[in-house]
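This report concerns only the one structure given below.
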Amino acid sequence: MENSDACPRCNSGPEFIVHCFYFCPKAFQVWQCLGLAALAGNSTSDFLAWIRDKCKRNPSLFAATICWIWRDKNIDVFSPSDPWPAGDCVRGCFSSVHEIVILRCELLAISHGLLLAWDSGYREVICETNSLEAFSLINNDYVSPASDHYDLLLMIKDVLQRNWLACVTLIQRTANAATDYLAKHAALFQPYYREWNEPWADLLVHLRLPNALVTLS
């Protein structure tokens, strides 16, 4: 067996800390989308200075992103055939709304999910989204009053600040495949909101697909 210090995700550079968290193309794409890709050099000292700067500006978003990149890296390397851990479907909801902006639909789904979890009595909740834009807006400390989604963002932030442990994290799109079925199912109805305590047969089939590892709770 041949040992290599090359990054197992991209094979384009040595697997050291600065590469894993920043220069690896998969990591860099995340920082670029968040508008945080501004590392001055490629040394460890440059990297540490960049971390200190970003932690002062937006500590919650930066910490969540670092954790997600590390988790995603470990999944790619050690569990490529099982990208995200599965869970049990204990309760869920879907909705059809008169909205044409995808981001607003995503924010509505997050708000419905958080409120459903709160009303169901859960007090330790991780809400997962594959929308980088929604994740960034929610985890940003400042919400611009000029935003088209100002009302929804304030409501989501208010719910997250209740007396519980709740956060919104970013996941891969392939780990959220079951929601495609729910979105198409909801589109068959007029403005409509439905909750359920256990999945029906067709939904259960999609939840059991290899790339549908999503916990609807």
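Naming scheme: A, B, ... for chains in displayed order of the structure tokens; residues 1 onward per chain; ligands 1 onward as shown.
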
### Task
Name the residues of region 23-209 of chain A that come out as alpha helix (DSSP H) in a backbone DSSP run; write them as number ranges by chain.
A: 25-34, 44-57, 59-78, 102-119, 132-139, 150-160, 178-186, 201-207

#### Entry: Shell of 12 Å around His185 (chain A), only C-alpha atoms, local chain residues under 3 positions omitted, as a ChimeraX atom specification
/A:93-96,178-182,188-190,192-194,202-203

### Task
Considering only C-alpha atoms, return as a ChimeraX atom specification whatever protein or nucleic-acid residues lie within 10 Å of region 158-165 of chain A, sequence-local ones (same chain, fewer than 4 positions apart) excluded.
/A:111,114-115,118,122-126,138,152-154

Please produce a file of those selected residues containing all heavy atoms, as a CSV table (one decimal), in the first residue's frame.
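The file below, out-v5.csv, is the result:
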chain,number,residue,atom,x,y,z
A,111,SER,N,-38.8,28.0,8.6
A,111,SER,CA,-39.6,28.6,9.7
A,111,SER,C,-40.7,27.6,10.1
A,111,SER,O,-40.9,27.4,11.3
A,111,SER,CB,-40.2,29.9,9.3
A,111,SER,OG,-41.2,29.7,8.2
A,114,LEU,N,-39.0,24.7,12.1
A,114,LEU,CA,-38.6,25.1,13.5
A,114,LEU,C,-39.8,25.2,14.4
A,114,LEU,O,-39.8,24.8,15.6
A,114,LEU,CB,-37.8,26.4,13.4
A,114,LEU,CG,-36.4,26.4,12.8
A,114,LEU,CD1,-35.8,27.8,12.6
A,114,LEU,CD2,-35.5,25.5,13.7
A,115,LEU,N,-40.8,25.9,13.9
A,115,LEU,CA,-42.1,26.0,14.7
A,115,LEU,C,-42.7,24.7,15.0
A,115,LEU,O,-43.2,24.4,16.2
A,115,LEU,CB,-43.1,26.9,14.0
A,115,LEU,CG,-42.7,28.4,14.0
A,115,LEU,CD1,-43.6,29.2,13.1
A,115,LEU,CD2,-42.6,29.0,15.4
A,118,TRP,N,-40.6,23.1,17.8
A,118,TRP,CA,-40.9,23.7,19.0
A,118,TRP,C,-42.3,23.3,19.6
A,118,TRP,O,-42.4,22.9,20.8
A,118,TRP,CB,-40.9,25.2,18.9
A,118,TRP,CG,-41.3,26.0,20.1
A,118,TRP,CD1,-42.6,26.4,20.4
A,118,TRP,CD2,-40.5,26.3,21.2
A,118,TRP,NE1,-42.6,27.1,21.7
A,118,TRP,CE2,-41.3,27.0,22.2
A,118,TRP,CE3,-39.1,26.2,21.5
A,118,TRP,CZ2,-40.8,27.5,23.4
A,118,TRP,CZ3,-38.6,26.7,22.7
A,118,TRP,CH2,-39.5,27.3,23.6
A,122,TYR,N,-39.7,19.4,21.2
A,122,TYR,CA,-38.3,19.2,21.1
A,122,TYR,C,-37.5,20.4,21.5
A,122,TYR,O,-37.9,21.5,21.1
A,122,TYR,CB,-37.9,18.8,19.6
A,122,TYR,CG,-38.6,17.5,19.2
A,122,TYR,CD1,-39.7,17.5,18.3
A,122,TYR,CD2,-38.0,16.3,19.6
A,122,TYR,CE1,-40.3,16.3,17.9
A,122,TYR,CE2,-38.6,15.1,19.2
A,122,TYR,CZ,-39.8,15.1,18.4
A,122,TYR,OH,-40.3,13.9,18.0
A,123,ARG,N,-36.4,20.2,22.2
A,123,ARG,CA,-35.6,21.3,22.7
A,123,ARG,C,-34.2,21.2,22.4
A,123,ARG,O,-33.4,22.0,22.8
A,123,ARG,CB,-35.8,21.4,24.3
A,123,ARG,CG,-37.2,21.8,24.7
A,123,ARG,CD,-37.6,23.1,24.2
A,123,ARG,NE,-39.0,23.5,24.5
A,123,ARG,CZ,-40.0,23.4,23.7
A,123,ARG,NH1,-39.8,22.9,22.5
A,123,ARG,NH2,-41.2,23.8,24.1
A,124,GLU,N,-33.8,20.2,21.6
A,124,GLU,CA,-32.5,20.2,21.0
A,124,GLU,C,-32.7,19.8,19.5
A,124,GLU,O,-33.0,18.7,19.2
A,124,GLU,CB,-31.6,19.1,21.7
A,124,GLU,CG,-31.3,19.4,23.1
A,124,GLU,CD,-30.3,18.4,23.8
A,124,GLU,OE1,-29.8,17.6,23.0
A,124,GLU,OE2,-30.2,18.5,25.0
A,125,VAL,N,-32.5,20.8,18.6
A,125,VAL,CA,-32.9,20.7,17.2
A,125,VAL,C,-31.8,21.2,16.3
A,125,VAL,O,-31.2,22.3,16.5
A,125,VAL,CB,-34.2,21.4,16.9
A,125,VAL,CG1,-34.5,21.5,15.5
A,125,VAL,CG2,-35.3,20.8,17.7
A,126,ILE,N,-31.5,20.4,15.3
A,126,ILE,CA,-30.6,20.9,14.2
A,126,ILE,C,-31.4,20.9,12.9
A,126,ILE,O,-32.0,19.9,12.5
A,126,ILE,CB,-29.4,19.9,14.0
A,126,ILE,CG1,-28.5,19.9,15.3
A,126,ILE,CG2,-28.6,20.4,12.8
A,126,ILE,CD1,-27.4,18.9,15.2
A,138,ILE,N,-29.5,33.5,7.5
A,138,ILE,CA,-29.9,33.2,8.9
A,138,ILE,C,-28.8,33.3,9.9
A,138,ILE,O,-29.0,33.8,11.0
A,138,ILE,CB,-30.5,31.7,8.9
A,138,ILE,CG1,-31.8,31.7,8.1
A,138,ILE,CG2,-30.8,31.3,10.4
A,138,ILE,CD1,-32.4,30.3,7.9
A,152,LEU,N,-39.4,37.3,7.3
A,152,LEU,CA,-39.1,35.9,7.6
A,152,LEU,C,-37.8,35.6,8.4
A,152,LEU,O,-37.8,34.8,9.3
A,152,LEU,CB,-39.0,35.1,6.3
A,152,LEU,CG,-40.3,34.5,5.8
A,152,LEU,CD1,-40.1,33.8,4.4
A,152,LEU,CD2,-40.9,33.5,6.8
A,153,LEU,N,-36.8,36.4,8.0
A,153,LEU,CA,-35.5,36.2,8.7
A,153,LEU,C,-35.6,36.6,10.2
A,153,LEU,O,-35.1,36.0,11.1
A,153,LEU,CB,-34.4,37.1,8.0
A,153,LEU,CG,-34.0,36.6,6.6
A,153,LEU,CD1,-33.2,37.6,5.9
A,153,LEU,CD2,-33.2,35.3,6.8
A,154,LEU,N,-36.3,37.7,10.5
A,154,LEU,CA,-36.5,38.1,11.8
A,154,LEU,C,-37.3,37.1,12.6
A,154,LEU,O,-37.0,36.8,13.8
A,154,LEU,CB,-37.3,39.5,11.9
A,154,LEU,CG,-36.5,40.7,11.6
A,154,LEU,CD1,-37.3,42.0,11.8
A,154,LEU,CD2,-35.2,40.8,12.4

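We find CA of Phe23 (chain A) and CA of Thr129 (chain A) to be spaced 24.1 Å apart.
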
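Taking only C-alpha atoms into account, Val30 (chain A) lies nearest to A:Leu170 out of the set A:Met155, A:Leu107, A:Cys7, A:Leu170.
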
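If you measure from each of A:Cys20, A:Ile156, A:Ala187, A:Ala166 to Asn74 (chain A) using only C-alpha atoms, the closest one turns out to be A:Cys20.
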
### Summary
CA of Ala64 (chain A) sits from CA of Leu48 (chain A) at a separation of 16.9 Å
